[in-house]
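Accompanying notes for the structure given below.
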Amino acid sequence: MSGSFRKGRLKQLNQNVQPLRKATAKLVEGWQRYQQDISDEQIRDGLIQRFEFTYEISHKTLKRYLEQTSANPAQFDQMTFQDLIRTANEQGLLSGDWADWRQYRDIRSRISHTYDEVVALAVVGGIEKFILEANQLVEKLEDILNTVDE
């Protein structure tokens, strides 16, 4: 892939990173509010929704980045989620490994199929670690994009 072509594709990615940056900031805001009163179910429920949204955006942004920086973008359409995470790890984009991301995915899946107190508390229990991961992804992508702009 030529340097100017790659640079153009990465500049397009900046538009895709902005929603992830905003979603992550909102998730952090929700986490901070929840920490002020962990008995507030309405805040907890909003936090869980923010987690779901941020998880989905992080997955999509990660896939777009890998597609836009690959000589063969179509390979990512066929790639399993596990291989996608491994590829991102190989490129230094994530701090967590497959086991961490599988946990986030399982949490996301559980909350979308069943909602009760036990599940809600389990989801909330995994959010703090996910926040660190989402922030890491945003920072890594922004570092790469800032390098392209220089």
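Chain labels A, B, ... are given in the sequence in which chains occur in the structure tokens; within each chain residues are numbered consecutively from 1, and ligands are likewise numbered from 1 in the order shown.
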**OP:** Find the residues near Ile48 in chain A: any atom within 8 Å, counting only C-alpha atoms, skip ones fewer than 6 places away on the same chain, and give them as a list in words.
**Re:**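 Near Ile48 in chain A, the qualifying residues are Ala120, Val123 and Val124 of chain A.
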**OP:** Write out as a VMD selection string which residues come within 9 Å of Arg44 in chain A when counting only C-alpha atoms, dropping same-chain ones fewer than 4 positions away.
**Re:** chain A and resid 30 to 31 33 to 34 38 to 40 48 to 49 120 to 121 124
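CA of Ile43 in chain A is found 24.8 Å from CA of Asp100 in chain A.
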Original post:
Excluding same-chain residues fewer than 3 positions from range 95-97 of chain A, what lies within 10 Å of it counting only C-alpha atoms, as a ChimeraX atom specification?
Top reply: /A:82,85-86,88-89,92,100-102,129-130,132-137
Since we have the selection now, will you write its residues out, keeping N, CA and C atoms, as an mmCIF file, in the first residue's frame?
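Saved as again.cif:
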data_model
loop_
_atom_site.group_PDB
_atom_site.id
_atom_site.type_symbol
_atom_site.label_atom_id
_atom_site.label_comp_id
_atom_site.auth_asym_id
_atom_site.auth_seq_id
_atom_site.Cartn_x
_atom_site.Cartn_y
_atom_site.Cartn_z
ATOM 1 N N GLN A 82 -12.406 -13.342 17.478
ATOM 2 C CA GLN A 82 -11.173 -13.716 18.176
ATOM 3 C C GLN A 82 -9.937 -13.329 17.355
ATOM 4 N N ILE A 85 -9.391 -9.516 17.345
ATOM 5 C CA ILE A 85 -8.754 -9.047 18.579
ATOM 6 C C ILE A 85 -7.271 -9.415 18.580
ATOM 7 N N ARG A 86 -6.948 -10.598 18.164
ATOM 8 C CA ARG A 86 -5.534 -11.009 18.104
ATOM 9 C C ARG A 86 -4.740 -10.119 17.142
ATOM 10 N N ALA A 88 -5.443 -7.031 16.305
ATOM 11 C CA ALA A 88 -5.317 -5.720 16.950
ATOM 12 C C ALA A 88 -4.236 -5.750 18.027
ATOM 13 N N ASN A 89 -4.158 -6.836 18.771
ATOM 14 C CA ASN A 89 -3.106 -6.978 19.781
ATOM 15 C C ASN A 89 -1.730 -7.000 19.140
ATOM 16 N N GLY A 92 -0.534 -3.681 18.567
ATOM 17 C CA GLY A 92 -0.362 -2.851 19.755
ATOM 18 C C GLY A 92 -1.507 -1.902 20.042
ATOM 19 N N ASP A 100 -9.939 -11.034 27.753
ATOM 20 C CA ASP A 100 -10.603 -9.803 28.207
ATOM 21 C C ASP A 100 -11.738 -9.422 27.265
ATOM 22 N N TRP A 101 -11.437 -9.409 25.975
ATOM 23 C CA TRP A 101 -12.453 -9.006 25.006
ATOM 24 C C TRP A 101 -13.583 -10.017 24.912
ATOM 25 N N ARG A 102 -13.286 -11.281 25.133
ATOM 26 C CA ARG A 102 -14.348 -12.287 25.178
ATOM 27 C C ARG A 102 -15.268 -11.996 26.360
ATOM 28 N N LYS A 129 -12.877 -1.977 33.952
ATOM 29 C CA LYS A 129 -11.776 -2.532 33.155
ATOM 30 C C LYS A 129 -11.970 -2.207 31.670
ATOM 31 N N PHE A 130 -13.224 -2.266 31.206
ATOM 32 C CA PHE A 130 -13.493 -1.943 29.806
ATOM 33 C C PHE A 130 -13.173 -0.475 29.508
ATOM 34 N N LEU A 132 -10.806 1.315 30.726
ATOM 35 C CA LEU A 132 -9.358 1.396 30.491
ATOM 36 C C LEU A 132 -9.014 0.926 29.080
ATOM 37 N N GLU A 133 -9.657 -0.146 28.662
ATOM 38 C CA GLU A 133 -9.412 -0.701 27.325
ATOM 39 C C GLU A 133 -9.876 0.262 26.235
ATOM 40 N N ALA A 134 -11.065 0.822 26.391
ATOM 41 C CA ALA A 134 -11.596 1.755 25.388
ATOM 42 C C ALA A 134 -10.718 3.002 25.299
ATOM 43 N N ASN A 135 -10.280 3.508 26.453
ATOM 44 C CA ASN A 135 -9.382 4.665 26.447
ATOM 45 C C ASN A 135 -8.063 4.339 25.753
ATOM 46 N N GLN A 136 -7.543 3.154 25.998
ATOM 47 C CA GLN A 136 -6.301 2.713 25.346
ATOM 48 C C GLN A 136 -6.478 2.702 23.826
ATOM 49 N N LEU A 137 -7.585 2.160 23.366
ATOM 50 C CA LEU A 137 -7.841 2.091 21.930
ATOM 51 C C LEU A 137 -7.926 3.490 21.328
#
Subject >> Contacts of Val17 in chain A at 7 Å (only C-alpha atoms; same-chain gap of 3+ positions) as a list in words >> reply: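 Result of the neighbour search: Leu13, Asn14, Leu20, Arg21, Thr61 and Val138 of chain A.
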**OP:** Measuring atom to atom with only C-alpha atoms, identify which of A:Asp106, A:Thr54, A:Ala122, A:Ile144 is nearest to Lys22 in chain A.
**Re:**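 Closest candidate: A:Thr54.
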Original post:
What gap, in Å, lies between CA of Thr87 in chain A and CA of Thr69 in chain A?
Top reply: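 Answer for the CA of Thr87 in chain A to CA of Thr69 in chain A separation: 11.9 Å.
You will find CA of Val119 in chain A at 27.0 Å from CA of Pro19 in chain A.
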Spatial neighbours of Arg108 in chain A, max dist 9 Å, only C-alpha atoms, sep filter under 3 positions, as a compact mmCIF listing (two decimals) with C-alpha atoms, in the first residue's frame:
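Result went into selection-v1.txt, see below:
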# COMPACT_ATOMS: atom_id res chain seq x y z
CA PHE A 51 -21.31 0.37 28.03
CA GLU A 52 -23.30 -1.46 25.33
CA TYR A 55 -18.55 -1.64 23.20
CA GLU A 56 -20.30 -1.73 19.82
CA GLN A 103 -15.49 -11.23 28.65
CA TYR A 104 -16.67 -7.83 27.34
CA ARG A 105 -18.48 -9.57 24.52
CA ILE A 111 -27.36 -7.89 29.02
CA SER A 112 -29.02 -7.84 25.60
CA HIS A 113 -30.76 -11.18 26.18
CA VAL A 123 -22.14 -6.05 33.80
Original post:
Which of these, A:Ser109, A:Ala25, A:Glu139, A:Asn16, has the shortest distance to Tyr65 in chain A once you count only C-alpha atoms?
Top reply: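 Answer, going by the shortest atom-to-atom distance: A:Asn16.
The nearest approach to Leu94 in chain A among the residues A:Ile107, A:Ala74, A:Leu141, A:Ile127, with only C-alpha atoms taken into account, belongs to A:Leu141.
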Subject >> Backbone-only DSSP, alpha helix (DSSP H) members of chain A, as an NGL selection string >> reply: :A and (3-36 or 41-68 or 75-78 or 81-90 or 98-113 or 117-149)
Would you mind exporting C-alpha atoms of the selected residues as a compact mmCIF listing (two decimals), in the first residue's frame?
# COMPACT_ATOMS: atom_id res chain seq x y z
CA GLY A 3 2.24 5.91 1.68
CA SER A 4 -0.13 8.55 0.32
CA PHE A 5 -2.94 6.01 -0.14
CA ARG A 6 -2.47 4.77 3.45
CA LYS A 7 -2.36 8.36 4.70
CA GLY A 8 -5.67 9.12 2.96
CA ARG A 9 -7.31 6.05 4.46
CA LEU A 10 -6.07 6.94 7.94
CA LYS A 11 -7.40 10.48 7.63
CA GLN A 12 -10.81 8.96 6.87
CA LEU A 13 -10.47 6.95 10.05
CA ASN A 14 -10.30 10.14 12.11
CA GLN A 15 -14.01 10.60 11.44
CA ASN A 16 -14.60 7.09 12.80
CA VAL A 17 -12.55 7.69 15.96
CA GLN A 18 -14.57 10.74 17.01
CA PRO A 19 -17.72 8.77 17.94
CA LEU A 20 -15.62 6.31 19.94
CA ARG A 21 -13.89 9.16 21.74
CA LYS A 22 -17.25 10.73 22.62
CA ALA A 23 -18.84 7.43 23.64
CA THR A 24 -15.89 6.60 25.88
CA ALA A 25 -16.07 10.03 27.52
CA LYS A 26 -19.80 9.52 28.17
CA LEU A 27 -19.12 6.07 29.61
CA VAL A 28 -16.53 7.55 31.98
CA GLU A 29 -19.02 10.25 32.96
CA GLY A 30 -21.67 7.60 33.67
CA TRP A 31 -19.18 5.55 35.69
CA GLN A 32 -18.29 8.58 37.81
CA ARG A 33 -21.96 9.37 38.45
CA TYR A 34 -22.65 5.75 39.37
CA GLN A 35 -19.74 5.74 41.83
CA GLN A 36 -21.38 8.63 43.69
CA GLU A 41 -30.68 1.89 39.62
CA GLN A 42 -31.54 4.51 37.03
CA ILE A 43 -27.94 5.70 36.85
CA ARG A 44 -26.77 2.07 36.77
CA ASP A 45 -29.12 1.26 33.90
CA GLY A 46 -27.89 4.30 31.97
CA LEU A 47 -24.32 3.22 32.62
CA ILE A 48 -25.06 -0.22 31.23
CA GLN A 49 -26.55 1.29 28.08
CA ARG A 50 -23.48 3.46 27.66
CA PHE A 51 -21.31 0.37 28.03
CA GLU A 52 -23.30 -1.46 25.33
CA PHE A 53 -23.03 1.48 22.96
CA THR A 54 -19.32 2.05 23.60
CA TYR A 55 -18.55 -1.64 23.20
CA GLU A 56 -20.30 -1.73 19.82
CA ILE A 57 -18.53 1.40 18.60
CA SER A 58 -15.14 0.17 19.79
CA HIS A 59 -15.58 -3.09 17.90
CA LYS A 60 -16.67 -1.31 14.71
CA THR A 61 -13.91 1.30 14.94
CA LEU A 62 -11.29 -1.37 15.50
CA LYS A 63 -12.48 -3.32 12.48
CA ARG A 64 -12.54 -0.19 10.29
CA TYR A 65 -9.01 0.70 11.33
CA LEU A 66 -7.72 -2.76 10.49
CA GLU A 67 -9.55 -2.70 7.15
CA GLN A 68 -8.25 0.74 6.25
CA GLN A 75 -10.04 -10.42 4.94
CA PHE A 76 -11.63 -8.71 7.94
CA ASP A 77 -15.13 -9.53 6.71
CA GLN A 78 -14.30 -13.22 7.02
CA PHE A 81 -13.98 -11.83 16.44
CA GLN A 82 -11.17 -13.72 18.18
CA ASP A 83 -8.83 -13.25 15.21
CA LEU A 84 -9.78 -9.59 14.95
CA ILE A 85 -8.75 -9.05 18.58
CA ARG A 86 -5.53 -11.01 18.10
CA THR A 87 -4.66 -8.94 15.04
CA ALA A 88 -5.32 -5.72 16.95
CA ASN A 89 -3.11 -6.98 19.78
CA GLU A 90 -0.32 -7.77 17.33
CA TRP A 98 -8.63 -12.26 23.76
CA ALA A 99 -9.83 -13.40 27.20
CA ASP A 100 -10.60 -9.80 28.21
CA TRP A 101 -12.45 -9.01 25.01
CA ARG A 102 -14.35 -12.29 25.18
CA GLN A 103 -15.49 -11.23 28.65
CA TYR A 104 -16.67 -7.83 27.34
CA ARG A 105 -18.48 -9.57 24.52
CA ASP A 106 -20.10 -12.07 26.89
CA ILE A 107 -21.21 -9.25 29.18
CA ARG A 108 -22.68 -7.38 26.22
CA SER A 109 -24.48 -10.50 25.07
CA ARG A 110 -25.88 -11.32 28.50
CA ILE A 111 -27.36 -7.89 29.02
CA SER A 112 -29.02 -7.84 25.60
CA HIS A 113 -30.76 -11.18 26.18
CA GLU A 117 -30.38 -7.56 39.05
CA VAL A 118 -27.68 -10.24 39.06
CA VAL A 119 -26.85 -9.68 35.39
CA ALA A 120 -26.87 -5.90 35.83
CA LEU A 121 -24.41 -6.10 38.70
CA ALA A 122 -22.16 -8.47 36.73
CA VAL A 123 -22.14 -6.05 33.80
CA VAL A 124 -21.31 -3.10 36.02
CA GLY A 125 -18.51 -5.15 37.55
CA GLY A 126 -16.76 -5.36 34.17
CA ILE A 127 -17.20 -1.75 33.07
CA GLU A 128 -14.24 -0.20 34.88
CA LYS A 129 -11.78 -2.53 33.16
CA PHE A 130 -13.49 -1.94 29.81
CA ILE A 131 -13.13 1.83 30.26
CA LEU A 132 -9.36 1.40 30.49
CA GLU A 133 -9.41 -0.70 27.32
CA ALA A 134 -11.60 1.76 25.39
CA ASN A 135 -9.38 4.67 26.45
CA GLN A 136 -6.30 2.71 25.35
CA LEU A 137 -7.84 2.09 21.93
CA VAL A 138 -8.78 5.76 21.48
CA GLU A 139 -5.30 6.91 22.54
CA LYS A 140 -3.50 4.45 20.25
CA LEU A 141 -5.64 5.37 17.25
CA GLU A 142 -5.22 9.08 17.92
CA ASP A 143 -1.44 8.65 18.25
CA ILE A 144 -1.38 6.91 14.87
CA LEU A 145 -3.56 9.59 13.30
CA ASN A 146 -1.43 12.38 14.77
CA THR A 147 1.67 10.74 13.29
CA VAL A 148 -0.01 10.75 9.87
CA ASP A 149 -0.84 14.47 10.17
